[in-house]
Amino acid sequence: MTRVDVELQLAIENLLARYVHALDDDRLEEWPEFFVEDGRYRITTAENFERKLPLPIIYADSRAMLRDRVSALRHANIYEAQRYRHGVSSVLVERVDARTAQATSNFQVVRIMASGESMLFASGRYLDRIRLSGETPQFEERVVVLDSRSIDTLLAIPL
Amino acid sequence: MTRVDVELQLAIENLLARYVHALDDDRLEEWPEFFVEDGRYRITTAENFERKLPLPIIYADSRAMLRDRVSALRHANIYEAQRYRHGVSSVLVERVDARTAQATSNFQVVRIMASGESMLFASGRYLDRIRLSGETPQFEERVVVLDSRSIDTLLAIPL
Amino acid sequence: MTRVDVELQLAIENLLARYVHALDDDRLEEWPEFFVEDGRYRITTAENFERKLPLPIIYADSRAMLRDRVSALRHANIYEAQRYRHGVSSVLVERVDARTAQATSNFQVVRIMASGESMLFASGRYLDRIRLSGETPQFEERVVVLDSRSIDTLLAIPL
């Protein structure tokens with residue numbers, strides 16, 4: 001029977017879990033730290049992704065750009081008006097080489113408004129390239145592929 | 001403390017994850033390959049399941065029947081009109097014998113329409129009997145028990 | 001690379017999975033058994049939790065109190081009118097000492113009405129303190145932190 005690399009699988013699941021708890025707890029300042037210094041982050045739609053259209057909704061190719069985005073969000077103050085709750089599942093991990101892994105997972109995000117109302121906010125896939133050589137695994141690249149093409153104007157928030 | 005069979009648990013979770021990614025990526029032709037040659041697949045409602053009523057919404061007892069269903073879906077062309085996103089969680093695995101395991105898990109499926117609108121499409125349990133003796137684990141039986149009894153007419157799609 | 005304690009992680013995930021299957025299968029009588037004899041259970045809102053307001057929606061500090069609650073629910077007969085389906089994910093586990101662990105996880109609960117209609121019922125975090133010294137892990141404390149402050153009157157049900 002094909003064997004799963006147990007240590008690697010759980011190390012990646014741990015990274016993915018810490019990432020969503022940081023976002024859901026509104027610890028946005030920790031978000032860039034999940035990436036390597038020149039890490040890439042991109043949110044796109046499934047439609048554009050499949051057509052290979054270079055039209056990401058968000059794009060960053062360094063931790064510095066991610067930090068700028070956090071500052072902008074804190075200044076605009078739109079992030080704190082509601083809560084988000086991620087569900088991440090079906091995590092598939094593949095080792096690329098000694099220091100790199102790839103992961104694919106499903107996510108669903110619920111948004112909870114200040115009024116108390118909840119709604120399904122977004123769903124899609126995370127496509128990750130992860131560096132394993134550091135003290136803790138970090139994203140070299142995280143591509144967020146949204147299922148829906150109707151984008152909320154608040155989507156400047158990290159997913 | 002009771003010990004979880006780590007290798008078995010992760011091998012089954014990997015099977016369940018590969019299954020939903022095949023469906024969510026619209027790689028329907030791969031779907032029958034997750035079953036053994038005479039594998040059984042059934043979608044039923046919790047209500048009928050509890051009353052032991054033999055009224056499955058979908059029933060197949062061979063890989064050939066699953067392939068026929070894929071052909072029918074491709075011909076009818078209804079599957080591609082929308083996307084689906086599965087969330088699978090709380091996977092309980094039990095070894096039955098040297099070559100067989102049983103698994104119970106929870107699922108929620110979101111449907112994303114071409115218009116961009118998303119909705120909770122289905123929720124329920126997977127009740128699986130899995131053969132472990134092959135190169136990779138495969139379903140001997142997968143019973144999909146839907147929580148809701150109101151069935152969408154499009155429910156001919158695999159879950 | 002930081003290592004996840006594989007055995008501990010899967011033992012806790014197994015506990016969390018068995019817990020939600022007991023609830024979703026309406027095996028309410030088993031619910032108190034997931035706690036140690038003087039186990040504490042509390043449902044609160046994120047808002048109250050952050051402000052450290054001592055206003056839990058439900059509070060119990062013994063298995064006996066949990067059993068009383070089950071009796072009350074069975075007598076009131078409101079629990080069986082609908083189904084619930086939990087999704088638990090992003091489980092972070094930390095060892096406290098030789099016989100204790102802490103866990104944080106995300107949950108989403110769907111409610112399925114007798115009419116067949118489904119809705120997102122609740123989302124939030126589980127904050128758990130777990131005793132590891134028994135035959136199987138048990139909750140010393142489970143705090144359910146709901147994202148939304150608008151509480152359904154039926155929320156007497158366990159989460």
# chains A, B, ... in the order shown; residues from 1 in each chain; ligands from 1
call {"tool": "residues_around", "arguments": {"residues": "range 18-33 of chain A", "least_positions_apart": "3", "cutoff": "10 Å", "atoms": "only C-alpha atoms", "output": "PyMOL selection string"}}
result
(chain A and resi 12-15+36-37+39+41+62-71+73-74+79-80+83-88+109+138-139+157-159) or (chain C and resi 90-92+104-106+124-125+147)
call {"tool": "write_last_selection", "arguments": {"atoms": "N, CA and C atoms", "output": "CSV table (one decimal), in the first residue's frame"}}
result
chain,number,residue,atom,x,y,z
A,12,ILE,N,2.8,20.0,7.4
A,12,ILE,CA,2.1,20.9,6.5
A,12,ILE,C,0.7,21.2,7.0
A,13,GLU,N,0.0,20.2,7.5
A,13,GLU,CA,-1.4,20.5,8.1
A,13,GLU,C,-1.3,21.5,9.3
A,14,ASN,N,-0.2,21.4,10.0
A,14,ASN,CA,0.1,22.3,11.2
A,14,ASN,C,0.3,23.7,10.6
A,15,LEU,N,1.1,23.9,9.6
A,15,LEU,CA,1.3,25.2,9.0
A,15,LEU,C,-0.1,25.8,8.5
A,36,VAL,N,8.2,33.0,3.1
A,36,VAL,CA,9.6,33.2,3.0
A,36,VAL,C,9.8,34.7,2.6
A,37,GLU,N,11.0,35.2,2.7
A,37,GLU,CA,11.2,36.7,2.5
A,37,GLU,C,10.7,37.1,1.1
A,39,GLY,N,8.5,35.4,-0.7
A,39,GLY,CA,7.3,34.6,-1.0
A,39,GLY,C,6.3,35.3,-1.8
A,41,TYR,N,2.2,35.6,-3.1
A,41,TYR,CA,0.8,35.4,-2.7
A,41,TYR,C,-0.1,35.9,-3.7
A,62,SER,N,6.6,39.5,-2.1
A,62,SER,CA,7.6,39.6,-1.0
A,62,SER,C,6.8,39.8,0.3
A,63,ARG,N,7.5,39.5,1.4
A,63,ARG,CA,6.9,39.7,2.7
A,63,ARG,C,6.7,41.2,2.9
A,64,ALA,N,7.5,42.0,2.4
A,64,ALA,CA,7.3,43.5,2.5
A,64,ALA,C,6.0,43.9,2.0
A,65,MET,N,5.6,43.4,0.8
A,65,MET,CA,4.4,43.8,0.2
A,65,MET,C,3.2,43.3,1.0
A,66,LEU,N,3.4,42.1,1.6
A,66,LEU,CA,2.3,41.6,2.5
A,66,LEU,C,2.1,42.5,3.7
A,67,ARG,N,3.3,43.0,4.3
A,67,ARG,CA,3.2,43.9,5.4
A,67,ARG,C,2.5,45.2,5.1
A,68,ASP,N,2.8,45.7,3.8
A,68,ASP,CA,2.1,46.9,3.4
A,68,ASP,C,0.6,46.7,3.3
A,69,ARG,N,0.3,45.5,2.9
A,69,ARG,CA,-1.2,45.3,2.8
A,69,ARG,C,-1.8,45.2,4.2
A,70,VAL,N,-1.1,44.7,5.1
A,70,VAL,CA,-1.7,44.6,6.5
A,70,VAL,C,-1.8,46.1,7.0
A,71,SER,N,-0.8,46.9,6.8
A,71,SER,CA,-0.9,48.3,7.2
A,71,SER,C,-2.1,49.0,6.6
A,73,LEU,N,-4.8,47.6,5.4
A,73,LEU,CA,-6.1,47.1,6.0
A,73,LEU,C,-6.3,47.7,7.4
A,74,ARG,N,-5.3,47.8,8.2
A,74,ARG,CA,-5.4,48.3,9.5
A,74,ARG,C,-5.9,49.8,9.5
A,79,TYR,N,-11.3,45.5,8.2
A,79,TYR,CA,-11.2,44.1,8.5
A,79,TYR,C,-11.9,43.8,9.8
A,80,GLU,N,-11.9,44.7,10.8
A,80,GLU,CA,-12.4,44.4,12.1
A,80,GLU,C,-13.9,44.4,12.2
A,83,ARG,N,-16.1,39.2,11.4
A,83,ARG,CA,-15.2,38.0,11.7
A,83,ARG,C,-15.3,37.1,10.5
A,84,TYR,N,-14.2,36.3,10.4
A,84,TYR,CA,-14.1,35.2,9.4
A,84,TYR,C,-13.8,33.9,10.1
A,85,ARG,N,-14.3,32.8,9.6
A,85,ARG,CA,-14.0,31.5,10.1
A,85,ARG,C,-13.7,30.6,8.9
A,86,HIS,N,-12.4,30.1,8.9
A,86,HIS,CA,-12.0,29.2,7.8
A,86,HIS,C,-12.3,27.7,8.2
A,87,GLY,N,-12.6,27.0,7.1
A,87,GLY,CA,-12.6,25.5,7.2
A,87,GLY,C,-11.7,25.0,6.1
A,88,VAL,N,-10.6,24.3,6.5
A,88,VAL,CA,-9.6,23.8,5.6
A,88,VAL,C,-9.7,22.3,5.7
A,109,VAL,N,-14.9,29.7,3.7
A,109,VAL,CA,-14.8,30.8,4.7
A,109,VAL,C,-16.2,31.3,5.0
A,138,GLN,N,7.5,27.2,5.6
A,138,GLN,CA,7.0,28.6,5.2
A,138,GLN,C,6.6,28.5,3.7
A,139,PHE,N,5.6,29.4,3.4
A,139,PHE,CA,5.2,29.4,2.0
A,139,PHE,C,6.2,30.1,1.1
A,157,ILE,N,-9.1,41.5,2.0
A,157,ILE,CA,-8.6,40.8,3.2
A,157,ILE,C,-7.9,39.6,2.7
A,158,PRO,N,-6.9,39.1,3.5
A,158,PRO,CA,-6.2,37.9,3.2
A,158,PRO,C,-7.1,36.7,3.4
A,159,LEU,N,-6.9,35.7,2.6
A,159,LEU,CA,-7.6,34.4,2.7
A,159,LEU,C,-6.7,33.3,2.9
C,90,SER,N,-8.6,22.4,11.2
C,90,SER,CA,-7.5,23.2,11.7
C,90,SER,C,-7.2,23.0,13.2
C,91,VAL,N,-7.0,21.7,13.5
C,91,VAL,CA,-6.8,21.3,14.9
C,91,VAL,C,-5.3,21.6,15.3
C,92,LEU,N,-5.1,22.5,16.3
C,92,LEU,CA,-3.7,22.7,16.8
C,92,LEU,C,-3.6,22.1,18.2
C,104,THR,N,-6.9,23.7,20.0
C,104,THR,CA,-7.7,24.8,19.5
C,104,THR,C,-8.2,24.3,18.1
C,105,SER,N,-9.4,24.4,17.8
C,105,SER,CA,-9.9,24.0,16.5
C,105,SER,C,-11.1,24.9,16.0
C,106,ASN,N,-11.3,24.9,14.7
C,106,ASN,CA,-12.4,25.6,14.1
C,106,ASN,C,-13.6,24.7,13.9
C,124,GLY,N,-17.4,28.8,15.0
C,124,GLY,CA,-16.6,29.3,16.1
C,124,GLY,C,-15.4,28.5,16.3
C,125,ARG,N,-14.9,28.5,17.6
C,125,ARG,CA,-13.7,27.8,18.0
C,125,ARG,C,-14.0,26.9,19.2
C,147,ASP,N,-18.9,32.6,17.0
C,147,ASP,CA,-18.5,33.8,16.3
C,147,ASP,C,-19.6,34.8,16.4
call {"tool": "interface_residues", "arguments": {"of": "chain B", "to": "chain A", "cutoff": "7 Å", "atoms": "only C-alpha atoms", "output": "list in words"}}
result
Leu10, Ala11, Asn14, Ala17, Arg85, Gly87, Val88, Ser89, Ile112, Gly116, Leu132, Ser133, Gly134, Glu135, Thr136 and Pro137 of chain B
call {"tool": "atom_distance", "arguments": {"atom1": "CA of Arg111 in chain A", "atom2": "CA of Gln82 in chain A"}}
result
6.8 Å
call {"tool": "select_by_dssp", "arguments": {"residues": "range 15-120 of chain C", "states": "alpha helix (DSSP H)", "output": "list in words"}}
result
Leu15, Leu16, Ala17, Arg18, Tyr19, Val20, His21, Ala22, Leu23, Asp24, Ala46, Glu47, Asn48, Phe49, Glu50, Arg63, Ala64, Met65, Leu66, Arg67, Asp68, Arg69, Val70, Ser71, Ala72, Leu73, Arg74, His75 and Ala76 of chain C
call {"tool": "atom_distance", "arguments": {"atom1": "CA of Val143 in chain B", "atom2": "CA of Pro56 in chain B"}}
result
9.6 Å
call {"tool": "atom_distance", "arguments": {"atom1": "CA of Val96 in chain C", "atom2": "CA of Tyr126 in chain C"}}
result
16.9 Å
call {"tool": "select_by_dssp", "arguments": {"residues": "range 43-134 of chain B", "states": "strand (DSSP E)", "output": "ChimeraX atom specification"}}
result
/B:43-45,58-60,83-97,100-112,118-131
